[in-house]
Amino acid sequence: FDITNPDSNPIQPGTRRFLQLVTRYQHSSGRYRLRVTTHGGMWCPDPVANKSALAASFDQEAAAALIARISVHRAREQEPADVLRWVDRNLIRLCGRFADFTKEDASSFSLQPTFSIFP
């Protein structure tokens with residue numbers, strides 16, 4: 001990963017940020033292709049303190065596709081039970097950070113609509 005800031009000043013909250021994913025893959029035709037995907041949003045310098053802004057910009061479709069792809073890749077090299085544990089741990093971490101709940105009360109659990117396809 002490469003995070004750059006050409007200026008020596010810290011990035012101010014509310015500034016737009018951009019994330020680029022560069023993917024090189026082999027098409028079914030046998031030719032190699034390069035795909036660049038750019039995603040923009042608001043810079044969130046302290047995601048722990050500003051969870052609502054981070055949650056509002058969450059792209060659940062992209063996240064679900066990424067988790068599925070990583071899981072398939074892991075399944076080629078690991079036991080299925082290990083892959084399921086990895087997925088479970090990540091879902092638990094996601095819910096622990098973004099869900100609203102009261103400990104020991106399962107009925108109090110809720111997630112914002114931006115996380116509706118996850119648990």
# chains A, B, ... in the order shown; residues from 1 in each chain; ligands from 1
>>> residues_around(residues="Glu61 (chain A)", least_positions_apart="4", cutoff="9 Å", atoms="only C-alpha atoms", output="PyMOL selection string")
chain A and resi 65-66+117
>>> write_last_selection(atoms="C-alpha atoms", output="PDB file, in the first residue's frame")
ATOM      1  CA  ALA A  65     -17.055  -8.870  -3.394  1.00  0.00           C
ATOM      2  CA  LEU A  66     -13.595  -8.339  -1.916  1.00  0.00           C
ATOM      3  CA  ILE A 117     -25.852  -7.427   3.469  1.00  0.00           C
TER       4      ILE A 117
END
>>> select_by_dssp(residues="region 11-115 of chain A", states="strand (DSSP E or B)", output="NGL selection string")
:A and (16-26 or 32-42 or 100-102 or 105-110)
>>> write_last_selection(atoms="N, CA and C atoms", output="mmCIF file, in the first residue's frame")
data_model
loop_
_atom_site.group_PDB
_atom_site.id
_atom_site.type_symbol
_atom_site.label_atom_id
_atom_site.label_comp_id
_atom_site.auth_asym_id
_atom_site.auth_seq_id
_atom_site.Cartn_x
_atom_site.Cartn_y
_atom_site.Cartn_z
ATOM 1 N N ARG A 16 -11.333 15.767 0.241
ATOM 2 C CA ARG A 16 -11.599 14.551 -0.518
ATOM 3 C C ARG A 16 -10.365 13.669 -0.539
ATOM 4 N N ARG A 17 -10.592 12.369 -0.461
ATOM 5 C CA ARG A 17 -9.512 11.400 -0.583
ATOM 6 C C ARG A 17 -9.847 10.458 -1.723
ATOM 7 N N PHE A 18 -8.806 9.861 -2.289
ATOM 8 C CA PHE A 18 -8.995 8.944 -3.403
ATOM 9 C C PHE A 18 -8.217 7.661 -3.136
ATOM 10 N N LEU A 19 -8.825 6.564 -3.476
ATOM 11 C CA LEU A 19 -8.213 5.249 -3.342
ATOM 12 C C LEU A 19 -8.203 4.620 -4.721
ATOM 13 N N GLN A 20 -7.034 4.180 -5.158
ATOM 14 C CA GLN A 20 -6.943 3.516 -6.456
ATOM 15 C C GLN A 20 -6.486 2.089 -6.262
ATOM 16 N N LEU A 21 -7.198 1.171 -6.895
ATOM 17 C CA LEU A 21 -6.840 -0.234 -6.902
ATOM 18 C C LEU A 21 -6.424 -0.587 -8.321
ATOM 19 N N VAL A 22 -5.225 -1.096 -8.459
ATOM 20 C CA VAL A 22 -4.703 -1.487 -9.760
ATOM 21 C C VAL A 22 -4.681 -3.006 -9.792
ATOM 22 N N THR A 23 -5.422 -3.587 -10.725
ATOM 23 C CA THR A 23 -5.551 -5.036 -10.817
ATOM 24 C C THR A 23 -5.091 -5.497 -12.187
ATOM 25 N N ARG A 24 -4.191 -6.457 -12.192
ATOM 26 C CA ARG A 24 -3.743 -7.071 -13.437
ATOM 27 C C ARG A 24 -4.249 -8.501 -13.413
ATOM 28 N N TYR A 25 -4.974 -8.912 -14.449
ATOM 29 C CA TYR A 25 -5.552 -10.248 -14.465
ATOM 30 C C TYR A 25 -5.522 -10.814 -15.875
ATOM 31 N N GLN A 26 -5.710 -12.129 -15.948
ATOM 32 C CA GLN A 26 -5.751 -12.806 -17.240
ATOM 33 C C GLN A 26 -7.209 -13.054 -17.607
ATOM 34 N N TYR A 32 -3.725 -10.643 -21.029
ATOM 35 C CA TYR A 32 -3.649 -9.980 -19.730
ATOM 36 C C TYR A 32 -4.255 -8.590 -19.843
ATOM 37 N N ARG A 33 -4.956 -8.208 -18.800
ATOM 38 C CA ARG A 33 -5.599 -6.887 -18.774
ATOM 39 C C ARG A 33 -5.217 -6.157 -17.495
ATOM 40 N N LEU A 34 -5.241 -4.856 -17.571
ATOM 41 C CA LEU A 34 -4.973 -4.003 -16.425
ATOM 42 C C LEU A 34 -6.233 -3.189 -16.162
ATOM 43 N N ARG A 35 -6.708 -3.233 -14.936
ATOM 44 C CA ARG A 35 -7.912 -2.490 -14.573
ATOM 45 C C ARG A 35 -7.572 -1.592 -13.390
ATOM 46 N N VAL A 36 -7.924 -0.323 -13.513
ATOM 47 C CA VAL A 36 -7.702 0.641 -12.436
ATOM 48 C C VAL A 36 -9.062 1.131 -11.968
ATOM 49 N N THR A 37 -9.322 0.949 -10.678
ATOM 50 C CA THR A 37 -10.584 1.388 -10.091
ATOM 51 C C THR A 37 -10.269 2.501 -9.099
ATOM 52 N N THR A 38 -10.939 3.628 -9.233
ATOM 53 C CA THR A 38 -10.722 4.769 -8.351
ATOM 54 C C THR A 38 -11.991 5.020 -7.550
ATOM 55 N N HIS A 39 -11.813 5.180 -6.253
ATOM 56 C CA HIS A 39 -12.942 5.460 -5.361
ATOM 57 C C HIS A 39 -12.607 6.719 -4.570
ATOM 58 N N GLY A 40 -13.531 7.641 -4.505
ATOM 59 C CA GLY A 40 -13.314 8.886 -3.780
ATOM 60 C C GLY A 40 -14.266 9.015 -2.610
ATOM 61 N N GLY A 41 -13.884 9.814 -1.651
ATOM 62 C CA GLY A 41 -14.735 10.062 -0.487
ATOM 63 C C GLY A 41 -14.104 11.146 0.367
ATOM 64 N N MET A 42 -14.692 11.368 1.512
ATOM 65 C CA MET A 42 -14.170 12.385 2.424
ATOM 66 C C MET A 42 -13.079 11.774 3.298
ATOM 67 N N ASP A 100 -24.552 -1.218 16.864
ATOM 68 C CA ASP A 100 -25.032 -0.694 18.141
ATOM 69 C C ASP A 100 -25.628 -1.876 18.893
ATOM 70 N N PHE A 101 -25.157 -2.097 20.112
ATOM 71 C CA PHE A 101 -25.661 -3.224 20.897
ATOM 72 C C PHE A 101 -25.323 -3.034 22.359
ATOM 73 N N THR A 102 -26.049 -3.762 23.173
ATOM 74 C CA THR A 102 -25.781 -3.835 24.598
ATOM 75 C C THR A 102 -25.242 -5.232 24.871
ATOM 76 N N ASP A 105 -27.189 -8.784 25.472
ATOM 77 C CA ASP A 105 -28.573 -8.606 25.022
ATOM 78 C C ASP A 105 -28.599 -8.683 23.498
ATOM 79 N N ALA A 106 -28.801 -9.890 22.964
ATOM 80 C CA ALA A 106 -28.770 -10.104 21.510
ATOM 81 C C ALA A 106 -29.860 -9.325 20.788
ATOM 82 N N SER A 107 -30.963 -9.055 21.439
ATOM 83 C CA SER A 107 -32.061 -8.337 20.781
ATOM 84 C C SER A 107 -31.740 -6.860 20.565
ATOM 85 N N SER A 108 -30.691 -6.351 21.211
ATOM 86 C CA SER A 108 -30.345 -4.933 21.047
ATOM 87 C C SER A 108 -29.441 -4.690 19.839
ATOM 88 N N PHE A 109 -28.995 -5.738 19.170
ATOM 89 C CA PHE A 109 -28.046 -5.622 18.057
ATOM 90 C C PHE A 109 -28.691 -4.959 16.846
ATOM 91 N N SER A 110 -28.005 -3.950 16.290
ATOM 92 C CA SER A 110 -28.465 -3.327 15.040
ATOM 93 C C SER A 110 -27.273 -2.717 14.308
#
>>> residues_around(residues="region 85-88 of chain A", least_positions_apart="2", cutoff="12 Å", atoms="only C-alpha atoms", output="MDAnalysis selection string")
chainID A and resid 64 66:72 74:75 78:83 90:96 118:119
>>> atom_distance(atom1="CA of Arg89 (chain A)", atom2="CA of Ala53 (chain A)")
23.4 Å
>>> atom_distance(atom1="CA of Leu111 (chain A)", atom2="CA of Leu84 (chain A)")
21.7 Å
